[in-house]
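As stored in target_3.cif (mmCIF, C-alpha atoms and all ligand atoms):
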data_model
loop_
_atom_site.group_PDB
_atom_site.id
_atom_site.type_symbol
_atom_site.label_atom_id
_atom_site.label_comp_id
_atom_site.auth_asym_id
_atom_site.auth_seq_id
_atom_site.Cartn_x
_atom_site.Cartn_y
_atom_site.Cartn_z
ATOM 1 C CA MET M 1 -136.391 31.041 -184.860
ATOM 2 C CA PRO M 2 -137.523 30.463 -181.222
ATOM 3 C CA GLY M 3 -140.952 31.937 -180.390
ATOM 4 C CA ARG M 4 -141.839 32.527 -184.041
ATOM 5 C CA ARG M 5 -145.326 31.360 -185.045
ATOM 6 C CA PRO M 6 -145.443 28.753 -187.801
ATOM 7 C CA ARG M 7 -146.425 30.203 -191.193
ATOM 8 C CA ARG M 8 -150.075 29.434 -191.910
ATOM 9 C CA THR M 9 -151.204 27.968 -195.238
ATOM 10 C CA ILE M 10 -153.897 29.615 -197.364
ATOM 11 C CA PRO M 11 -156.517 26.940 -196.464
ATOM 12 C CA ASP M 12 -155.650 27.487 -192.768
ATOM 13 C CA ARG M 13 -156.132 31.214 -193.176
ATOM 14 C CA ALA M 14 -159.447 30.755 -194.940
ATOM 15 C CA ALA M 15 -160.677 28.409 -192.189
ATOM 16 C CA HIS M 16 -159.541 30.883 -189.545
ATOM 17 C CA PHE M 17 -161.323 33.719 -191.363
ATOM 18 C CA LEU M 18 -164.591 31.785 -191.561
ATOM 19 C CA ARG M 19 -164.375 30.614 -187.949
ATOM 20 C CA ASP M 20 -163.117 33.690 -186.119
ATOM 21 C CA TRP M 21 -163.765 36.886 -188.023
ATOM 22 C CA SER M 22 -166.902 38.686 -187.002
ATOM 23 C CA VAL M 23 -168.389 39.407 -190.483
ATOM 24 C CA PRO M 24 -168.694 35.717 -191.603
ATOM 25 C CA ARG M 25 -170.091 34.847 -188.182
ATOM 26 C CA GLN M 26 -172.704 37.587 -188.429
ATOM 27 C CA LEU M 27 -173.521 36.452 -191.970
ATOM 28 C CA ARG M 28 -173.964 32.919 -190.619
ATOM 29 C CA GLY M 29 -176.752 34.445 -188.559
ATOM 30 C CA LEU M 30 -175.444 34.402 -185.005
ATOM 31 C CA PRO M 31 -178.307 36.105 -183.185
ATOM 32 C CA GLU M 32 -176.255 38.089 -180.677
ATOM 33 C CA LYS M 33 -174.178 40.594 -182.613
ATOM 34 C CA GLY M 34 -171.959 41.301 -179.587
ATOM 35 C CA ARG M 35 -171.054 37.601 -179.344
ATOM 36 C CA ALA M 36 -170.470 37.494 -183.088
ATOM 37 C CA ALA M 37 -167.892 40.262 -182.758
ATOM 38 C CA GLU M 38 -165.889 38.315 -180.164
ATOM 39 C CA SER M 39 -162.690 36.589 -181.151
ATOM 40 C CA GLU M 40 -161.360 33.498 -179.437
ATOM 41 C CA GLN M 41 -158.941 35.680 -177.531
ATOM 42 C CA SER M 42 -161.400 38.389 -176.456
ATOM 43 C CA ARG M 43 -163.848 35.682 -175.290
ATOM 44 C CA SER M 44 -161.265 34.431 -172.791
ATOM 45 C CA LEU M 45 -160.384 37.872 -171.385
ATOM 46 C CA ARG M 46 -161.455 38.545 -167.810
ATOM 47 C CA PRO M 47 -161.609 41.848 -165.876
ATOM 48 C CA ARG M 48 -158.260 42.431 -164.184
ATOM 49 C CA LEU M 49 -159.808 42.974 -160.747
ATOM 50 C CA GLU M 50 -162.489 40.288 -160.982
ATOM 51 C CA GLY M 51 -160.861 38.192 -158.259
ATOM 52 C CA ALA M 52 -160.809 40.984 -155.644
ATOM 53 C CA ASP M 53 -163.065 40.464 -152.622
ATOM 54 C CA ARG M 54 -162.154 43.728 -150.904
ATOM 55 C CA VAL M 55 -160.956 47.214 -151.819
ATOM 56 C CA GLY M 56 -159.412 49.766 -149.482
ATOM 57 C CA THR M 57 -157.984 53.267 -149.842
ATOM 58 C CA SER M 58 -154.434 54.389 -149.258
ATOM 59 C CA ILE M 59 -151.918 57.098 -150.169
ATOM 60 C CA CYS M 60 -148.951 56.528 -152.451
ATOM 61 C CA PRO M 61 -145.851 56.289 -150.241
ATOM 62 C CA TYR M 62 -143.394 57.641 -152.778
ATOM 63 C CA CYS M 63 -143.587 61.426 -152.762
ATOM 64 C CA ALA M 64 -145.214 64.450 -151.216
ATOM 65 C CA VAL M 65 -147.813 64.806 -153.979
ATOM 66 C CA GLY M 66 -149.809 62.260 -151.967
ATOM 67 C CA CYS M 67 -151.780 60.580 -154.753
ATOM 68 C CA ALA M 68 -154.720 58.515 -153.523
ATOM 69 C CA GLN M 69 -154.773 54.804 -154.262
ATOM 70 C CA LEU M 70 -157.217 51.917 -154.268
ATOM 71 C CA ILE M 71 -155.771 48.659 -152.937
ATOM 72 C CA TYR M 72 -157.550 45.542 -154.197
ATOM 73 C CA ALA M 73 -157.203 42.372 -152.131
ATOM 74 C CA ARG M 74 -158.220 38.735 -152.209
ATOM 75 C CA ASP M 75 -158.112 36.519 -149.124
ATOM 76 C CA GLY M 76 -156.394 39.300 -147.199
ATOM 77 C CA ARG M 77 -153.548 39.684 -149.710
ATOM 78 C CA PRO M 78 -153.170 42.644 -152.121
ATOM 79 C CA ILE M 79 -153.604 41.746 -155.792
ATOM 80 C CA ALA M 80 -153.528 45.195 -157.454
ATOM 81 C CA VAL M 81 -153.047 48.907 -156.795
ATOM 82 C CA GLU M 82 -154.460 51.705 -158.912
ATOM 83 C CA GLY M 83 -155.204 55.431 -158.666
ATOM 84 C CA ASP M 84 -158.375 56.518 -156.879
ATOM 85 C CA PRO M 85 -160.665 58.363 -159.345
ATOM 86 C CA LYS M 86 -162.306 60.220 -156.444
ATOM 87 C CA SER M 87 -159.077 62.002 -155.516
ATOM 88 C CA PRO M 88 -158.908 65.664 -156.597
ATOM 89 C CA ILE M 89 -155.101 65.313 -156.625
ATOM 90 C CA ASN M 90 -154.527 62.469 -159.081
ATOM 91 C CA GLN M 91 -158.047 61.745 -160.388
ATOM 92 C CA GLY M 92 -157.439 58.021 -160.823
ATOM 93 C CA THR M 93 -153.912 58.287 -162.233
ATOM 94 C CA LEU M 94 -150.540 57.240 -160.832
ATOM 95 C CA CYS M 95 -147.083 58.037 -162.148
ATOM 96 C CA PRO M 96 -144.808 55.027 -162.933
ATOM 97 C CA LYS M 97 -143.391 55.088 -159.406
ATOM 98 C CA GLY M 98 -146.822 55.071 -157.793
ATOM 99 C CA ALA M 99 -148.031 52.411 -160.214
ATOM 100 C CA ALA M 100 -145.188 50.202 -158.970
ATOM 101 C CA THR M 101 -146.483 50.312 -155.373
ATOM 102 C CA PHE M 102 -147.889 46.800 -155.774
ATOM 103 C CA GLY M 103 -144.363 45.511 -156.359
ATOM 104 C CA LEU M 104 -143.184 47.314 -153.237
ATOM 105 C CA MET M 105 -145.883 45.538 -151.225
ATOM 106 C CA VAL M 106 -145.398 41.989 -152.444
ATOM 107 C CA SER M 107 -141.781 41.775 -153.619
ATOM 108 C CA PRO M 108 -139.901 38.903 -151.943
ATOM 109 C CA GLU M 109 -136.809 41.121 -152.269
ATOM 110 C CA ARG M 110 -138.201 43.606 -149.753
ATOM 111 C CA ILE M 111 -136.362 43.547 -146.434
ATOM 112 C CA ASP M 112 -138.806 43.688 -143.540
ATOM 113 C CA ARG M 113 -136.450 42.837 -140.678
ATOM 114 C CA CYS M 114 -133.679 44.811 -138.959
ATOM 115 C CA LEU M 115 -130.240 43.876 -140.213
ATOM 116 C CA HIS M 116 -126.957 44.955 -138.627
ATOM 117 C CA ARG M 117 -123.466 44.820 -140.023
ATOM 118 C CA ALA M 118 -120.995 45.316 -137.227
ATOM 119 C CA PRO M 119 -117.823 47.372 -137.808
ATOM 120 C CA GLY M 120 -115.353 45.196 -139.731
ATOM 121 C CA ALA M 121 -117.893 42.431 -140.336
ATOM 122 C CA THR M 122 -118.421 41.111 -143.836
ATOM 123 C CA GLY M 123 -122.022 39.984 -143.393
ATOM 124 C CA TRP M 124 -125.323 41.108 -141.948
ATOM 125 C CA ARG M 125 -127.091 39.601 -138.954
ATOM 126 C CA GLU M 126 -130.718 39.914 -137.984
ATOM 127 C CA VAL M 127 -131.411 41.969 -134.848
ATOM 128 C CA GLU M 128 -134.459 43.069 -132.870
ATOM 129 C CA LEU M 129 -135.912 46.492 -133.658
ATOM 130 C CA ASP M 130 -135.542 47.568 -129.985
ATOM 131 C CA TRP M 131 -131.863 46.654 -130.061
ATOM 132 C CA ALA M 132 -131.332 48.610 -133.303
ATOM 133 C CA MET M 133 -133.120 51.708 -131.980
ATOM 134 C CA GLU M 134 -131.084 51.635 -128.767
ATOM 135 C CA ARG M 135 -127.848 51.204 -130.722
ATOM 136 C CA ILE M 136 -128.658 54.139 -133.014
ATOM 137 C CA ALA M 137 -129.596 56.358 -130.055
ATOM 138 C CA GLN M 138 -126.405 55.503 -128.164
ATOM 139 C CA LEU M 139 -124.136 56.109 -131.166
ATOM 140 C CA THR M 140 -125.898 59.349 -132.072
ATOM 141 C CA LYS M 141 -125.559 60.675 -128.529
ATOM 142 C CA ARG M 142 -121.922 59.647 -128.267
ATOM 143 C CA THR M 143 -120.946 61.086 -131.639
ATOM 144 C CA ARG M 144 -122.782 64.328 -130.982
ATOM 145 C CA ASP M 145 -121.132 64.743 -127.564
ATOM 146 C CA GLU M 146 -117.687 64.109 -129.065
ATOM 147 C CA SER M 147 -118.115 66.406 -132.065
ATOM 148 C CA PHE M 148 -120.394 69.239 -130.938
ATOM 149 C CA VAL M 149 -119.028 72.710 -131.658
ATOM 150 C CA THR M 150 -120.531 75.713 -129.905
ATOM 151 C CA ARG M 151 -118.323 78.447 -131.399
ATOM 152 C CA LEU M 152 -115.984 78.768 -134.371
ATOM 153 C CA PRO M 153 -112.417 80.002 -133.783
ATOM 154 C CA ASP M 154 -113.538 83.558 -134.649
ATOM 155 C CA GLY M 155 -116.154 83.413 -131.877
ATOM 156 C CA THR M 156 -119.214 82.909 -134.081
ATOM 157 C CA ARG M 157 -121.790 80.773 -132.270
ATOM 158 C CA VAL M 158 -122.782 77.754 -134.372
ATOM 159 C CA ASN M 159 -123.950 74.987 -131.979
ATOM 160 C CA HIS M 160 -123.567 72.257 -134.546
ATOM 161 C CA THR M 161 -122.064 68.860 -135.307
ATOM 162 C CA LEU M 162 -120.565 67.981 -138.659
ATOM 163 C CA ALA M 163 -120.051 64.343 -137.700
ATOM 164 C CA ILE M 164 -123.594 63.045 -138.251
ATOM 165 C CA GLY M 165 -125.680 63.157 -141.420
ATOM 166 C CA SER M 166 -129.159 62.064 -142.400
ATOM 167 C CA MET M 167 -130.364 60.721 -145.747
ATOM 168 C CA GLY M 168 -134.133 60.406 -145.889
ATOM 169 C CA GLY M 169 -136.125 58.314 -148.353
ATOM 170 C CA ALA M 170 -138.797 59.411 -150.792
ATOM 171 C CA THR M 171 -141.365 57.491 -148.776
ATOM 172 C CA LEU M 172 -141.057 59.966 -145.906
ATOM 173 C CA ASP M 173 -144.091 62.241 -145.907
ATOM 174 C CA ASN M 174 -144.257 65.943 -145.049
ATOM 175 C CA GLU M 175 -145.051 65.350 -141.389
ATOM 176 C CA GLU M 176 -142.191 62.896 -140.910
ATOM 177 C CA ASN M 177 -139.764 65.261 -142.648
ATOM 178 C CA TYR M 178 -140.946 68.106 -140.420
ATOM 179 C CA LEU M 179 -140.199 66.058 -137.297
ATOM 180 C CA ILE M 180 -136.852 64.875 -138.697
ATOM 181 C CA LYS M 181 -135.806 68.451 -139.412
ATOM 182 C CA LYS M 182 -136.874 69.603 -135.947
ATOM 183 C CA LEU M 183 -135.085 66.796 -134.126
ATOM 184 C CA PHE M 184 -131.930 66.755 -136.218
ATOM 185 C CA SER M 185 -131.459 70.530 -136.680
ATOM 186 C CA ALA M 186 -132.931 72.137 -133.598
ATOM 187 C CA GLY M 187 -132.408 69.190 -131.266
ATOM 188 C CA LEU M 188 -129.063 67.722 -132.272
ATOM 189 C CA GLY M 189 -127.434 70.543 -134.250
ATOM 190 C CA MET M 190 -126.978 68.457 -137.394
ATOM 191 C CA VAL M 191 -126.161 70.298 -140.613
ATOM 192 C CA PHE M 192 -126.110 67.573 -143.240
ATOM 193 C CA ILE M 193 -129.747 66.635 -143.789
ATOM 194 C CA GLU M 194 -130.771 65.441 -147.217
ATOM 195 C CA ASN M 195 -133.625 63.577 -148.808
ATOM 196 C CA GLN M 196 -133.494 61.031 -151.611
ATOM 197 C CA ALA M 197 -136.460 62.734 -153.285
ATOM 198 C CA ARG M 198 -134.189 65.711 -154.058
ATOM 199 C CA VAL M 199 -131.033 63.856 -155.003
HETATM 200 S S1 LIG T 1 -144.799 59.078 -156.628
HETATM 201 FE FE1 LIG T 1 -146.187 59.480 -158.350
HETATM 202 S S2 LIG T 1 -148.079 58.410 -157.813
HETATM 203 FE FE2 LIG T 1 -146.863 58.560 -155.933
HETATM 204 S S3 LIG T 1 -147.572 60.439 -154.913
HETATM 205 FE FE3 LIG T 1 -145.821 61.006 -156.202
HETATM 206 S S4 LIG T 1 -146.697 61.656 -158.168
HETATM 207 FE FE4 LIG T 1 -148.277 60.488 -157.061
#
Mind converting the file's structure to structure tokens?
Amino acid sequence: MPGRRPRRTIPDRAAHFLRDWSVPRQLRGLPEKGRAAESEQSRSLRPRLEGADRVGTSICPYCAVGCAQLIYARDGRPIAVEGDPKSPINQGTLCPKGAATFGLMVSPERIDRCLHRAPGATGWREVELDWAMERIAQLTKRTRDESFVTRLPDGTRVNHTLAIGSMGGATLDNEENYLIKKLFSAGLGMVFIENQARV
């Protein structure tokens, strides 16, 4: 069966016992008892963060709990992320999402450019951020102007548009969500404002 270790013979087992188990090694008189207790495998283990030459602090981007993180780096590149034990919020822990922050930082799957798929197009094309921001602003303004309702048929004042919606991500923090709500509700009259963290 693939991956299965070959069955060891009794002489092999005896040799392994005499060579690797700590009691025979201590009986053989190895002076350092700590070394005698090491197995071949434990002797080769290295601290996970041994290669880091720098450590910085950050905040988990995934939810409003705001757990503190330590970012370990080598040669200017992150090599590990873990919870900051000094934080009164998470005391060195991270939930599975926060523990996956390292993957978010280094994944080759992460898109870090602006992509645009034009109406009717089947593929995406790369665009400049300035172009994308201008395009979003123009379409938002146009759609709001075309769909804005000041009063319902019964005369109730509503000042809203039902033609634009917003879906935020869990990486938006409290301050960003506050500004989004102010701009979209009070500024533009949008009603449909949701956040992935609540979906
Ligand atoms: S996603 Fe998890 S680790 Fe990140 S801030 Fe929220 S609770 Fe903390």
List every residue of chain M that has an atom at most 7 Å from any atom of ligand LIG 1 (chain T), and for each one report the closest atom pair and its distance in Å to one decimal, counting all atoms listed in the file, with rows sorted by chain and then by increasing residue number, as JSON lines.
{"residue": "M:Cys60", "atom": "CA", "partner": "T:LIG1", "partner_atom": "FE2", "distance": 4.5}
{"residue": "M:Pro61", "atom": "CA", "partner": "T:LIG1", "partner_atom": "FE2", "distance": 6.2}
{"residue": "M:Tyr62", "atom": "CA", "partner": "T:LIG1", "partner_atom": "S1", "distance": 4.3}
{"residue": "M:Cys63", "atom": "CA", "partner": "T:LIG1", "partner_atom": "FE3", "distance": 4.1}
{"residue": "M:Ala64", "atom": "CA", "partner": "T:LIG1", "partner_atom": "S3", "distance": 5.9}
{"residue": "M:Val65", "atom": "CA", "partner": "T:LIG1", "partner_atom": "S3", "distance": 4.5}
{"residue": "M:Gly66", "atom": "CA", "partner": "T:LIG1", "partner_atom": "S3", "distance": 4.1}
{"residue": "M:Cys67", "atom": "CA", "partner": "T:LIG1", "partner_atom": "FE4", "distance": 4.2}
{"residue": "M:Asn90", "atom": "CA", "partner": "T:LIG1", "partner_atom": "FE4", "distance": 6.9}
{"residue": "M:Leu94", "atom": "CA", "partner": "T:LIG1", "partner_atom": "S2", "distance": 4.1}
{"residue": "M:Cys95", "atom": "CA", "partner": "T:LIG1", "partner_atom": "FE1", "distance": 4.2}
{"residue": "M:Pro96", "atom": "CA", "partner": "T:LIG1", "partner_atom": "FE1", "distance": 6.5}
{"residue": "M:Lys97", "atom": "CA", "partner": "T:LIG1", "partner_atom": "S1", "distance": 5.1}
{"residue": "M:Gly98", "atom": "CA", "partner": "T:LIG1", "partner_atom": "S2", "distance": 3.6}
{"residue": "M:Ala99", "atom": "CA", "partner": "T:LIG1", "partner_atom": "S2", "distance": 6.5}
Practice problem: Would you mind telling me which residue in M:Phe148, M:Leu18, M:His116, M:Ile180 lies nearest to Met133 (chain M) when using all atoms listed in the file? | Solution: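 So, comparing all the options, the nearest one is M:His116.
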Self-check item: Contacts of region 167-172 of chain M within 8 Å, only C-alpha atoms, excl. fewer than 3 positions in-chain, as number ranges by chain
Solution: M: 61-63, 176-177, 193-197
Quiz item: Given the file above and the PyMOL selection byres (((chain M and resi 192) around 10) and not hetatm), which residues are selected, and can you give them as a list in words?
Solution: Thr161, Leu162, Ala163, Ile164, Gly165, Ser166, Met167, Phe184, Ser185, Gly189, Met190, Val191, Ile193 and Glu194 of chain M
Quiz prompt | Picked residues, the PyMOL selection byres (((chain M and resi 114) around 7) and not hetatm), expected as a list of chain:residue names | solution = M:Asp112, M:Arg113, M:Leu115, M:His116, M:Glu126, M:Val127, M:Glu128, M:Leu129
Self-check item: Pairwise distance for CA of Pro153 (chain M) and CA of Gly187 (chain M), rounded to one decimal in Å
Solution: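 Rounded to one decimal, the two atoms are 22.9 Å apart.
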Practice problem: Could you give me, as a list in words, the residues that have an atom at most 12 Å away from the point (-146.1, 49.2, -153.0) in the coordinates of the file, using only C-alpha atoms? | Solution: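 Residues close enough to count: Ser58, Ile59, Cys60, Pro61, Tyr62, Gln69, Leu70, Ile71, Pro78, Ile79, Ala80, Val81, Glu82, Pro96, Lys97, Gly98, Ala99, Ala100, Thr101, Phe102, Gly103, Leu104, Met105, Val106, Ser107, Arg110 and Thr171 of chain M.
In this comparison, which uses only C-alpha atoms, the residue of M:Ala15, M:Pro119, M:Leu27, M:Arg74 approaching Leu49 (chain M) most closely is M:Arg74.
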What are the centre and edge lengths in Å, to one decimal, of the axis-aligned box around all listed atoms of region 146-151 of chain M with 3 Å added on each side, as AutoDock Vina command-line options?
--center_x -119.1 --center_y 71.3 --center_z -130.6 --size_x 8.8 --size_y 20.3 --size_z 9.0
Write out as a PDB file with C-alpha atoms, keeping the file's coordinate frame each polymer residue whose atoms come within 10 Å of Gly76 (chain M), counting all atoms listed in the file; drop sequence neighbours fewer than 6 positions from it.
ATOM      1  CA  ALA M  52    -160.809  40.984-155.644  1.00  0.00           C
ATOM      2  CA  ASP M  53    -163.065  40.464-152.622  1.00  0.00           C
ATOM      3  CA  ARG M  54    -162.154  43.728-150.904  1.00  0.00           C
TER       4      ARG M  54
END
